[in-house]
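What follows is the content of data_24.pdb (PDB, C-alpha atoms).
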MODEL        1
ATOM      1  CA  MET A 960      -5.365 -13.710  31.171
ATOM      2  CA  ARG A 961      -8.500 -11.808  30.179
ATOM      3  CA  ALA A 962      -7.769 -10.115  26.845
ATOM      4  CA  VAL A 963      -5.646 -10.237  23.723
ATOM      5  CA  LEU A 964      -4.975  -7.047  21.755
ATOM      6  CA  PHE A 965      -3.769  -7.208  18.168
ATOM      7  CA  ASP A 966      -1.832  -4.971  15.847
ATOM      8  CA  LEU A 967      -3.375  -5.074  12.362
ATOM      9  CA  ASP A 968      -1.055  -4.586   9.364
ATOM     10  CA  GLY A 969       1.695  -7.179   9.258
ATOM     11  CA  THR A 970       0.079  -9.049  12.148
ATOM     12  CA  LEU A 971      -3.426  -9.963  11.024
ATOM     13  CA  VAL A 972      -3.414  -8.816   7.386
ATOM     14  CA  ASP A 973      -0.704  -8.432   4.724
ATOM     15  CA  THR A 974      -1.252  -4.980   3.198
ATOM     16  CA  ARG A 975       2.333  -4.295   2.127
ATOM     17  CA  ARG A 976       1.642  -4.327  -1.598
ATOM     18  CA  LEU A 977      -1.305  -1.950  -1.354
ATOM     19  CA  TYR A 978       0.490   0.429   0.993
ATOM     20  CA  GLY A 979       3.546   0.381  -1.263
ATOM     21  CA  GLU A 980       1.567   1.579  -4.267
ATOM     22  CA  ALA A 981      -0.489   4.061  -2.257
ATOM     23  CA  TYR A 982       2.518   5.759  -0.685
ATOM     24  CA  SER A 983       4.514   5.721  -3.932
ATOM     25  CA  ARG A 984       1.765   7.475  -5.863
ATOM     26  CA  ALA A 985       1.102   9.960  -3.067
ATOM     27  CA  PHE A 986       4.754  10.987  -2.780
ATOM     28  CA  GLU A 987       5.130  11.310  -6.538
ATOM     29  CA  GLU A 988       1.968  13.379  -6.945
ATOM     30  CA  VAL A 989       2.583  15.703  -3.987
ATOM     31  CA  LEU A 990       6.387  15.966  -4.000
ATOM     32  CA  GLY A 991       7.189  15.023  -7.569
ATOM     33  CA  GLU A 992       9.305  12.072  -6.477
ATOM     34  CA  MET A 993       9.330   9.115  -4.159
ATOM     35  CA  PRO A 994      11.995   9.165  -1.435
ATOM     36  CA  SER A 995      14.101   6.052  -1.349
ATOM     37  CA  TRP A 996      12.578   3.146   0.528
ATOM     38  CA  GLU A 997      15.696   3.186   2.683
ATOM     39  CA  ASP A 998      14.877   6.734   3.821
ATOM     40  CA  PHE A 999      11.224   5.783   4.253
ATOM     41  CA  LEU A1000      11.921   2.699   6.350
ATOM     42  CA  ARG A1001      14.685   4.396   8.327
ATOM     43  CA  ARG A1002      11.990   6.513   9.910
ATOM     44  CA  GLY A1003      10.367   3.348  11.222
ATOM     45  CA  PRO A1004       6.788   4.375  10.482
ATOM     46  CA  THR A1005       4.336   2.914  12.972
ATOM     47  CA  SER A1006       1.445   5.043  11.775
ATOM     48  CA  GLU A1007       0.119   6.447   8.510
ATOM     49  CA  ARG A1008      -0.035  10.194   9.028
ATOM     50  CA  LEU A1009       1.880  11.176  12.146
ATOM     51  CA  PHE A1010       5.289  10.195  10.814
ATOM     52  CA  LEU A1011       4.615  12.128   7.584
ATOM     53  CA  VAL A1012       3.707  15.254   9.542
ATOM     54  CA  ASP A1013       6.879  14.850  11.611
ATOM     55  CA  TRP A1014       8.872  14.415   8.382
ATOM     56  CA  TYR A1015       7.346  17.092   6.136
ATOM     57  CA  GLY A1016       5.222  19.289   8.380
ATOM     58  CA  GLU A1017       1.478  19.517   8.858
ATOM     59  CA  ASP A1018       0.609  20.905   5.426
ATOM     60  CA  VAL A1019       2.735  18.758   3.112
ATOM     61  CA  GLY A1020       2.615  15.689   5.339
ATOM     62  CA  GLY A1021      -1.143  16.004   5.600
ATOM     63  CA  ARG A1022      -1.516  16.256   1.830
ATOM     64  CA  ILE A1023       0.675  13.202   1.256
ATOM     65  CA  HIS A1024      -1.408  11.222   3.707
ATOM     66  CA  ALA A1025      -4.714  12.371   2.274
ATOM     67  CA  ARG A1026      -3.672  11.302  -1.213
ATOM     68  CA  MET A1027      -2.266   8.019   0.088
ATOM     69  CA  ALA A1028      -5.604   7.204   1.732
ATOM     70  CA  GLU A1029      -7.437   7.985  -1.513
ATOM     71  CA  VAL A1030      -5.207   5.620  -3.482
ATOM     72  CA  TYR A1031      -5.498   2.973  -0.748
ATOM     73  CA  ALA A1032      -9.270   2.998  -1.094
ATOM     74  CA  ALA A1033      -9.243   3.177  -4.895
ATOM     75  CA  ARG A1034      -6.814   0.295  -5.336
ATOM     76  CA  ALA A1035      -8.111  -1.948  -2.560
ATOM     77  CA  GLU A1036     -10.321  -3.990  -4.860
ATOM     78  CA  ALA A1037      -7.291  -4.957  -6.917
ATOM     79  CA  LEU A1038      -4.548  -5.190  -4.286
ATOM     80  CA  HIS A1039      -6.056  -5.778  -0.851
ATOM     81  CA  PRO A1040      -6.117  -9.422   0.304
ATOM     82  CA  ARG A1041      -9.519 -10.949   1.023
ATOM     83  CA  ASP A1042      -8.126 -13.169   3.746
ATOM     84  CA  PRO A1043      -5.870 -12.588   6.745
ATOM     85  CA  PHE A1044      -2.543 -14.329   7.165
ATOM     86  CA  GLU A1045      -2.805 -18.100   7.193
ATOM     87  CA  GLY A1046      -3.842 -19.324  10.617
ATOM     88  CA  VAL A1047      -5.132 -15.953  11.849
ATOM     89  CA  ARG A1048      -8.803 -16.925  11.621
ATOM     90  CA  GLU A1049      -8.070 -20.011  13.684
ATOM     91  CA  LEU A1050      -6.081 -17.962  16.191
ATOM     92  CA  LEU A1051      -8.926 -15.476  16.625
ATOM     93  CA  ALA A1052     -11.452 -18.280  16.938
ATOM     94  CA  GLY A1053      -9.320 -19.984  19.579
ATOM     95  CA  VAL A1054      -8.918 -16.797  21.583
ATOM     96  CA  ARG A1055     -12.659 -16.159  21.549
ATOM     97  CA  ALA A1056     -13.481 -19.792  22.330
ATOM     98  CA  ALA A1057     -11.289 -19.460  25.416
ATOM     99  CA  GLY A1058     -13.574 -16.668  26.604
ATOM    100  CA  LEU A1059     -10.978 -13.921  26.148
ATOM    101  CA  LEU A1060     -11.798 -10.387  25.077
ATOM    102  CA  THR A1061     -10.167  -9.020  21.930
ATOM    103  CA  GLY A1062      -9.220  -5.612  20.618
ATOM    104  CA  ILE A1063      -7.246  -3.985  17.813
ATOM    105  CA  VAL A1064      -4.664  -1.247  18.376
ATOM    106  CA  THR A1065      -3.292  -0.028  15.061
ATOM    107  CA  GLY A1066      -1.389   2.866  13.556
ATOM    108  CA  LYS A1067      -3.797   2.713  10.607
ATOM    109  CA  SER A1068      -6.028   5.700   9.981
ATOM    110  CA  ARG A1069      -9.762   5.296  10.498
ATOM    111  CA  ALA A1070     -10.424   5.773   6.774
ATOM    112  CA  CYS A1071      -8.029   2.997   5.745
ATOM    113  CA  PHE A1072      -9.169   0.795   8.630
ATOM    114  CA  GLU A1073     -12.712   0.931   7.285
ATOM    115  CA  VAL A1074     -11.414  -0.142   3.864
ATOM    116  CA  THR A1075      -9.571  -3.089   5.385
ATOM    117  CA  ARG A1076     -12.534  -4.072   7.548
ATOM    118  CA  ALA A1077     -14.738  -4.148   4.451
ATOM    119  CA  MET A1078     -12.229  -6.341   2.599
ATOM    120  CA  VAL A1079     -11.355  -8.846   5.351
ATOM    121  CA  ASP A1080     -13.722 -10.280   7.943
ATOM    122  CA  LEU A1081     -11.854 -10.328  11.251
ATOM    123  CA  GLY A1082     -14.950 -10.612  13.413
ATOM    124  CA  GLU A1083     -16.059  -8.242  16.129
ATOM    125  CA  HIS A1084     -13.691  -6.730  18.676
ATOM    126  CA  GLY A1085     -14.531  -5.135  21.982
ATOM    127  CA  ALA A1086     -12.179  -2.215  21.339
ATOM    128  CA  VAL A1087     -10.619  -0.686  18.227
ATOM    129  CA  VAL A1088      -8.066   2.136  18.530
ATOM    130  CA  VAL A1089      -6.758   3.741  15.326
ATOM    131  CA  GLU A1090      -4.225   6.461  14.583
ATOM    132  CA  ASP A1091      -6.892   9.166  14.677
ATOM    133  CA  ASP A1092      -7.556   8.374  18.344
ATOM    134  CA  VAL A1093      -4.064   9.085  19.718
ATOM    135  CA  PRO A1094      -1.697  12.073  19.658
ATOM    136  CA  LYS A1095       1.452   9.963  19.244
ATOM    137  CA  ALA A1096       2.203   6.708  17.448
ATOM    138  CA  LYS A1097       3.639   3.499  18.887
ATOM    139  CA  PRO A1098       5.886   2.863  20.756
ATOM    140  CA  GLU A1099       3.838   5.341  22.821
ATOM    141  CA  PRO A1100       1.478   3.139  24.848
ATOM    142  CA  LEU A1101      -1.646   5.323  24.883
ATOM    143  CA  GLY A1102      -3.472   3.280  22.235
ATOM    144  CA  ILE A1103      -3.038   0.079  24.229
ATOM    145  CA  ALA A1104      -4.123   1.862  27.417
ATOM    146  CA  MET A1105      -7.252   3.180  25.686
ATOM    147  CA  ALA A1106      -8.184  -0.289  24.449
ATOM    148  CA  LEU A1107      -7.698  -1.797  27.902
ATOM    149  CA  GLU A1108      -9.869   0.887  29.457
ATOM    150  CA  ALA A1109     -12.612   0.227  26.906
ATOM    151  CA  LEU A1110     -12.457  -3.483  27.690
ATOM    152  CA  GLY A1111     -12.241  -2.970  31.448
ATOM    153  CA  VAL A1112      -9.066  -5.048  31.678
ATOM    154  CA  ALA A1113      -5.955  -4.389  33.761
ATOM    155  CA  PRO A1114      -2.617  -4.332  31.879
ATOM    156  CA  GLN A1115      -1.256  -7.381  33.664
ATOM    157  CA  ASP A1116      -4.228  -9.377  32.395
ATOM    158  CA  ALA A1117      -3.584  -8.703  28.706
ATOM    159  CA  VAL A1118      -1.290  -9.614  25.809
ATOM    160  CA  TYR A1119      -0.483  -7.416  22.818
ATOM    161  CA  LEU A1120       0.477  -9.225  19.628
ATOM    162  CA  GLY A1121       2.446  -7.213  17.066
ATOM    163  CA  ASP A1122       5.026  -7.599  14.324
ATOM    164  CA  THR A1123       7.506  -4.798  15.103
ATOM    165  CA  THR A1124       9.842  -3.830  17.900
ATOM    166  CA  ALA A1125       7.710  -0.677  18.330
ATOM    167  CA  ASP A1126       4.744  -2.939  19.124
ATOM    168  CA  LEU A1127       6.801  -4.766  21.718
ATOM    169  CA  GLU A1128       8.086  -1.541  23.252
ATOM    170  CA  ALA A1129       4.539  -0.166  23.412
ATOM    171  CA  SER A1130       3.532  -3.365  25.205
ATOM    172  CA  ARG A1131       6.315  -2.903  27.755
ATOM    173  CA  ARG A1132       5.397   0.720  28.396
ATOM    174  CA  ALA A1133       1.710  -0.160  28.747
ATOM    175  CA  GLY A1134       2.473  -2.969  31.198
ATOM    176  CA  VAL A1135       0.987  -5.771  29.071
ATOM    177  CA  ARG A1136       2.687  -8.986  27.971
ATOM    178  CA  PRO A1137       4.270  -8.706  24.495
ATOM    179  CA  ALA A1138       3.907 -11.380  21.834
ATOM    180  CA  ALA A1139       5.576 -11.402  18.413
ATOM    181  CA  ALA A1140       3.851 -12.217  15.129
ATOM    182  CA  LEU A1141       6.637 -13.632  12.948
ATOM    183  CA  TRP A1142       4.593 -15.049  10.071
ATOM    184  CA  GLY A1143       4.596 -11.843   8.027
ATOM    185  CA  ARG A1144       8.325 -11.177   8.332
ATOM    186  CA  ARG A1145      11.203 -12.329   6.181
ATOM    187  CA  PRO A1146      13.300 -15.065   7.807
ATOM    188  CA  GLY A1147      16.245 -12.709   8.274
ATOM    189  CA  ASP A1148      14.066 -10.204  10.153
ATOM    190  CA  ARG A1149      12.675 -12.662  12.657
ATOM    191  CA  ALA A1150      15.663 -13.048  14.950
ATOM    192  CA  GLY A1151      15.659  -9.434  16.132
ATOM    193  CA  LEU A1152      11.984  -9.518  16.990
ATOM    194  CA  THR A1153      12.345 -12.821  18.811
ATOM    195  CA  ASP A1154      15.298 -11.456  20.790
ATOM    196  CA  GLU A1155      13.165  -8.464  21.753
ATOM    197  CA  VAL A1156      10.457 -10.749  23.133
ATOM    198  CA  TRP A1157      13.059 -12.620  25.194
ATOM    199  CA  ALA A1158      14.316  -9.320  26.546
ATOM    200  CA  LEU A1159      10.875  -8.025  27.482
ATOM    201  CA  SER A1160       8.984 -11.089  28.639
ATOM    202  CA  GLU A1161       9.246 -14.713  29.641
ATOM    203  CA  PRO A1162       9.413 -16.442  26.225
ATOM    204  CA  ILE A1163       6.539 -18.927  26.192
ATOM    205  CA  GLY A1164       4.443 -19.739  23.139
ATOM    206  CA  LEU A1165       1.452 -17.535  22.386
ATOM    207  CA  LEU A1166      -1.154 -20.310  22.431
ATOM    208  CA  GLU A1167       0.325 -21.731  25.625
ATOM    209  CA  ARG A1168       0.338 -18.247  27.118
ATOM    210  CA  LEU A1169      -3.350 -17.894  26.319
ATOM    211  CA  GLY A1170      -4.160 -21.279  27.732
ATOM    212  CA  ILE A1171      -5.621 -22.614  24.476
ATOM    213  CA  GLY A1172      -2.836 -24.828  23.231
TER     214      GLY A1172
ENDMDL
END

Please re-express this file's structure in C-alpha coordinates.
Amino acid sequence: MRAVLFDLDGTLVDTRRLYGEAYSRAFEEVLGEMPSWEDFLRRGPTSERLFLVDWYGEDVGGRIHARMAEVYAARAEALHPRDPFEGVRELLAGVRAAGLLTGIVTGKSRACFEVTRAMVDLGEHGAVVVEDDVPKAKPEPLGIAMALEALGVAPQDAVYLGDTTADLEASRRAGVRPAAALWGRRPGDRAGLTDEVWALSEPIGLLERLGIG
(Lines of atoms letter the chains of each structure in order from A and count residues from 1; the text may use other names and numbers.)
(Lines give C-alpha, C1' and ligand atoms only; values in the text may rest on other atoms or scores of the structure.)
Protein backbone atom coordinates (compact mmCIF):
# COMPACT_ATOMS: atom_id res chain seq x y z
CA MET A 1 0.00 0.00 0.00
CA ARG A 2 1.35 3.40 -1.00
CA ALA A 3 -1.53 5.88 -0.72
CA VAL A 4 -4.85 6.57 0.95
CA LEU A 5 -7.40 8.82 -0.76
CA PHE A 6 -10.23 10.38 1.22
CA ASP A 7 -13.68 11.67 0.47
CA LEU A 8 -14.32 14.88 2.42
CA ASP A 9 -17.91 15.63 3.51
CA GLY A 10 -19.34 12.89 5.68
CA THR A 11 -15.95 11.18 5.81
CA LEU A 12 -13.52 13.70 7.29
CA VAL A 13 -15.84 16.58 8.22
CA ASP A 14 -19.52 16.83 9.20
CA THR A 15 -20.96 19.65 7.07
CA ARG A 16 -24.56 18.44 6.94
CA ARG A 17 -26.02 21.31 8.94
CA LEU A 18 -24.29 23.99 6.88
CA TYR A 19 -25.15 22.35 3.57
CA GLY A 20 -28.76 21.93 4.69
CA GLU A 21 -29.19 25.64 5.31
CA ALA A 22 -27.24 26.65 2.21
CA TYR A 23 -29.27 24.48 -0.16
CA SER A 24 -32.57 25.38 1.51
CA ARG A 25 -31.99 29.10 1.11
CA ALA A 26 -30.71 28.73 -2.44
CA PHE A 27 -33.73 26.72 -3.58
CA GLU A 28 -36.16 29.11 -1.90
CA GLU A 29 -34.52 32.21 -3.35
CA VAL A 30 -34.11 30.88 -6.90
CA LEU A 31 -37.18 28.65 -7.24
CA GLY A 32 -39.45 30.11 -4.59
CA GLU A 33 -39.63 26.81 -2.72
CA MET A 34 -37.51 24.00 -1.41
CA PRO A 35 -38.15 20.58 -2.96
CA SER A 36 -38.82 17.89 -0.42
CA TRP A 37 -35.73 16.35 1.12
CA GLU A 38 -37.03 13.02 -0.14
CA ASP A 39 -36.84 14.29 -3.73
CA PHE A 40 -33.45 15.86 -3.03
CA LEU A 41 -31.94 12.72 -1.53
CA ARG A 42 -33.55 10.44 -4.09
CA ARG A 43 -31.22 11.97 -6.64
CA GLY A 44 -28.28 10.75 -4.58
CA PRO A 45 -26.18 13.89 -4.96
CA THR A 46 -22.47 13.13 -4.94
CA SER A 47 -21.49 16.62 -6.03
CA GLU A 48 -22.63 20.19 -5.48
CA ARG A 49 -23.36 21.55 -8.94
CA LEU A 50 -23.48 18.73 -11.46
CA PHE A 51 -26.58 17.08 -10.04
CA LEU A 52 -28.38 20.46 -9.97
CA VAL A 53 -27.56 21.07 -13.63
CA ASP A 54 -28.81 17.57 -14.47
CA TRP A 55 -31.99 18.28 -12.47
CA TYR A 56 -32.81 21.85 -13.53
CA GLY A 57 -30.60 22.62 -16.51
CA GLU A 58 -27.46 24.72 -16.83
CA ASP A 59 -29.05 28.11 -16.19
CA VAL A 60 -31.32 27.41 -13.22
CA GLY A 61 -29.10 24.70 -11.77
CA GLY A 62 -26.10 26.98 -12.06
CA ARG A 63 -27.91 29.81 -10.29
CA ILE A 64 -29.02 27.53 -7.45
CA HIS A 65 -25.46 26.35 -6.98
CA ALA A 66 -23.99 29.83 -7.11
CA ARG A 67 -26.36 31.03 -4.41
CA MET A 68 -25.77 27.90 -2.34
CA ALA A 69 -22.02 28.52 -2.40
CA GLU A 70 -22.56 32.13 -1.31
CA VAL A 71 -24.66 31.04 1.67
CA TYR A 72 -22.16 28.28 2.50
CA ALA A 73 -19.39 30.85 2.78
CA ALA A 74 -21.51 33.42 4.61
CA ARG A 75 -22.79 30.98 7.22
CA ALA A 76 -19.59 28.99 7.72
CA GLU A 77 -18.48 30.99 10.73
CA ALA A 78 -21.68 30.07 12.54
CA LEU A 79 -22.34 26.54 11.27
CA HIS A 80 -19.13 24.95 10.02
CA PRO A 81 -17.35 22.66 12.52
CA ARG A 82 -13.83 23.64 13.55
CA ASP A 83 -12.79 20.03 13.98
CA PRO A 84 -13.12 16.91 11.84
CA PHE A 85 -14.98 13.83 13.00
CA GLU A 86 -13.62 12.36 16.20
CA GLY A 87 -10.58 10.22 15.49
CA VAL A 88 -9.93 11.64 12.01
CA ARG A 89 -6.87 13.64 13.07
CA GLU A 90 -5.40 10.51 14.60
CA LEU A 91 -6.23 8.50 11.48
CA LEU A 92 -4.51 11.04 9.23
CA ALA A 93 -1.51 11.19 11.53
CA GLY A 94 -1.25 7.40 11.53
CA VAL A 95 -1.45 7.20 7.76
CA ARG A 96 1.28 9.80 7.35
CA ALA A 97 3.45 8.24 10.06
CA ALA A 98 3.29 4.99 8.09
CA GLY A 99 4.88 6.82 5.17
CA LEU A 100 1.77 6.69 2.98
CA LEU A 101 0.76 9.42 0.56
CA THR A 102 -2.63 11.07 0.99
CA GLY A 103 -5.11 12.81 -1.25
CA ILE A 104 -8.67 14.14 -1.23
CA VAL A 105 -11.22 13.34 -3.94
CA THR A 106 -14.46 15.21 -3.29
CA GLY A 107 -17.64 16.26 -5.02
CA LYS A 108 -17.29 19.63 -3.27
CA SER A 109 -16.78 22.70 -5.42
CA ARG A 110 -13.44 24.49 -5.23
CA ALA A 111 -15.08 27.56 -3.67
CA CYS A 112 -16.67 25.57 -0.84
CA PHE A 113 -13.56 23.43 -0.44
CA GLU A 114 -11.54 26.56 0.26
CA VAL A 115 -14.08 27.56 2.92
CA THR A 116 -13.82 24.16 4.58
CA ARG A 117 -10.02 24.14 4.38
CA ALA A 118 -9.94 27.51 6.13
CA MET A 119 -12.25 26.24 8.89
CA VAL A 120 -10.69 22.82 9.56
CA ASP A 121 -7.00 21.95 9.50
CA LEU A 122 -6.67 18.60 7.75
CA GLY A 123 -2.98 18.96 6.95
CA GLU A 124 -1.36 18.87 3.55
CA HIS A 125 -2.31 16.37 0.85
CA GLY A 126 -0.35 15.39 -2.21
CA ALA A 127 -3.43 15.62 -4.43
CA VAL A 128 -6.79 17.36 -4.15
CA VAL A 129 -9.49 16.79 -6.80
CA VAL A 130 -12.73 18.78 -6.53
CA GLU A 131 -15.94 18.87 -8.53
CA ASP A 132 -14.62 21.62 -10.80
CA ASP A 133 -11.88 19.27 -12.03
CA VAL A 134 -14.10 16.51 -13.46
CA PRO A 135 -16.89 16.37 -16.05
CA LYS A 136 -18.95 13.79 -14.13
CA ALA A 137 -19.53 13.12 -10.44
CA LYS A 138 -18.91 9.91 -8.51
CA PRO A 139 -19.47 7.02 -9.02
CA GLU A 140 -17.50 7.98 -12.14
CA PRO A 141 -13.89 7.16 -11.25
CA LEU A 142 -12.07 10.00 -13.03
CA GLY A 143 -11.45 12.00 -9.85
CA ILE A 144 -9.74 9.05 -8.18
CA ALA A 145 -7.71 8.38 -11.34
CA MET A 146 -6.58 12.01 -11.45
CA ALA A 147 -5.47 11.92 -7.82
CA LEU A 148 -3.53 8.70 -8.36
CA GLU A 149 -1.80 10.16 -11.39
CA ALA A 150 -0.82 13.26 -9.41
CA LEU A 151 0.60 11.05 -6.67
CA GLY A 152 2.30 8.66 -9.08
CA VAL A 153 0.56 5.66 -7.53
CA ALA A 154 -0.96 2.65 -9.27
CA PRO A 155 -4.61 1.85 -8.44
CA GLN A 156 -3.80 -1.47 -6.82
CA ASP A 157 -1.54 0.34 -4.37
CA ALA A 158 -4.24 2.67 -3.03
CA VAL A 159 -7.33 2.77 -0.81
CA TYR A 160 -10.25 5.19 -1.14
CA LEU A 161 -12.17 5.93 2.04
CA GLY A 162 -15.71 7.26 1.60
CA ASP A 163 -19.10 7.31 3.29
CA THR A 164 -21.48 6.47 0.42
CA THR A 165 -22.10 3.59 -1.95
CA ALA A 166 -21.14 5.98 -4.79
CA ASP A 167 -17.70 6.32 -3.19
CA LEU A 168 -17.36 2.55 -3.05
CA GLU A 169 -18.52 2.13 -6.64
CA ALA A 170 -16.06 4.80 -7.78
CA SER A 171 -13.34 2.87 -5.97
CA ARG A 172 -14.29 -0.33 -7.78
CA ARG A 173 -14.32 1.36 -11.17
CA ALA A 174 -10.97 3.03 -10.49
CA GLY A 175 -9.39 -0.26 -9.41
CA VAL A 176 -8.53 0.86 -5.86
CA ARG A 177 -9.48 -0.84 -2.60
CA PRO A 178 -12.69 0.60 -1.07
CA ALA A 179 -13.03 1.43 2.61
CA ALA A 180 -16.18 2.65 4.37
CA ALA A 181 -16.35 5.53 6.83
CA LEU A 182 -19.28 4.64 9.09
CA TRP A 183 -18.80 7.20 11.87
CA GLY A 184 -20.88 9.92 10.21
CA ARG A 185 -23.84 7.70 9.36
CA ARG A 186 -26.92 6.85 11.38
CA PRO A 187 -26.86 3.31 12.79
CA GLY A 188 -29.63 2.19 10.45
CA ASP A 189 -27.67 3.37 7.40
CA ARG A 190 -24.48 1.52 8.23
CA ALA A 191 -25.47 -2.00 7.27
CA GLY A 192 -25.93 -1.23 3.57
CA LEU A 193 -22.55 0.44 3.31
CA THR A 194 -20.85 -2.40 5.16
CA ASP A 195 -22.52 -4.95 2.87
CA GLU A 196 -21.23 -2.99 -0.12
CA VAL A 197 -17.67 -3.20 1.19
CA TRP A 198 -18.03 -6.97 1.62
CA ALA A 199 -19.29 -7.22 -1.94
CA LEU A 200 -16.47 -5.16 -3.42
CA SER A 201 -13.44 -6.07 -1.36
CA GLU A 202 -12.00 -8.44 1.20
CA PRO A 203 -13.45 -7.03 4.45
CA ILE A 204 -10.46 -6.30 6.67
CA GLY A 205 -10.22 -3.34 9.03
CA LEU A 206 -8.94 -0.05 7.64
CA LEU A 207 -6.03 0.34 10.06
CA GLU A 208 -5.04 -3.29 9.55
CA ARG A 209 -5.29 -2.79 5.81
CA LEU A 210 -2.93 0.16 6.04
CA GLY A 211 -0.51 -1.72 8.21
CA ILE A 212 -0.72 0.76 11.09
CA GLY A 213 -2.91 -1.08 13.54

Each segment 1068-1094 of chain A residue no farther than 12 Å from segment 1045-1055 of chain A, nearest pair in Å, all atoms listed in the file, as a tab-separated table:
residue	atom	partner	partner_atom	distance
A:Val1079	CA	A:Arg1048	CA	10.5
A:Asp1080	CA	A:Arg1048	CA	9.0
A:Leu1081	CA	A:Arg1048	CA	7.3
A:Gly1082	CA	A:Leu1051	CA	8.4
A:Glu1083	CA	A:Leu1051	CA	10.2
A:His1084	CA	A:Arg1055	CA	9.9
A:Gly1085	CA	A:Arg1055	CA	11.2

**Message:** Selection in question (the file shown): the PyMOL selection byres ((chain A and resi 1041) around 8). Which residues does it include, as number ranges by chain?
**Reply:** A: 1039-1040, 1042-1043, 1078-1079

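Atom CA of Thr974 of chain A lies 22.3 Å from atom CA of Glu992 of chain A.
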
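For the pair atom CA of Ser1006 of chain A and atom CA of Ile1063 of chain A, the separation is 13.9 Å.
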
**Message:** I'd like to see the residues matched by the PyMOL selection byres ((chain A and resi 966) around 8) on this file, and ideally I'd get them as a ChimeraX atom specification.
**Reply:** /A:964-965,967-971,1063-1065,1119-1122,1126

Selection above as a file: C-alpha atoms, as a short mmCIF file (atom, residue, chain, number, x, y, z; two decimals), in the frame of the given file:
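The file below, selection10.cif, is the result:
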data_model
loop_
_atom_site.label_atom_id
_atom_site.label_comp_id
_atom_site.auth_asym_id
_atom_site.auth_seq_id
_atom_site.Cartn_x
_atom_site.Cartn_y
_atom_site.Cartn_z
CA LEU A 964 -4.97 -7.05 21.76
CA PHE A 965 -3.77 -7.21 18.17
CA LEU A 967 -3.38 -5.07 12.36
CA ASP A 968 -1.06 -4.59 9.36
CA GLY A 969 1.70 -7.18 9.26
CA THR A 970 0.08 -9.05 12.15
CA LEU A 971 -3.43 -9.96 11.02
CA ILE A 1063 -7.25 -3.98 17.81
CA VAL A 1064 -4.66 -1.25 18.38
CA THR A 1065 -3.29 -0.03 15.06
CA TYR A 1119 -0.48 -7.42 22.82
CA LEU A 1120 0.48 -9.22 19.63
CA GLY A 1121 2.45 -7.21 17.07
CA ASP A 1122 5.03 -7.60 14.32
CA ASP A 1126 4.74 -2.94 19.12
#

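Run against this file, the PyMOL selection byres ((chain A and resi 1022) around 10) gives back A:Ala985, A:Phe986, A:Glu988, A:Val989, A:Leu990, A:Arg1008, A:Leu1011, A:Val1012, A:Tyr1015, A:Gly1016, A:Glu1017, A:Asp1018, A:Val1019, A:Gly1020, A:Gly1021, A:Ile1023, A:His1024, A:Ala1025, A:Arg1026, A:Met1027, A:Ala1028.
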
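Distances here use only C-alpha atoms; by that measure, the residue among A:Leu1038, A:Val1093, A:Tyr982, A:Thr1124 closest to Phe999 of chain A is A:Tyr982.
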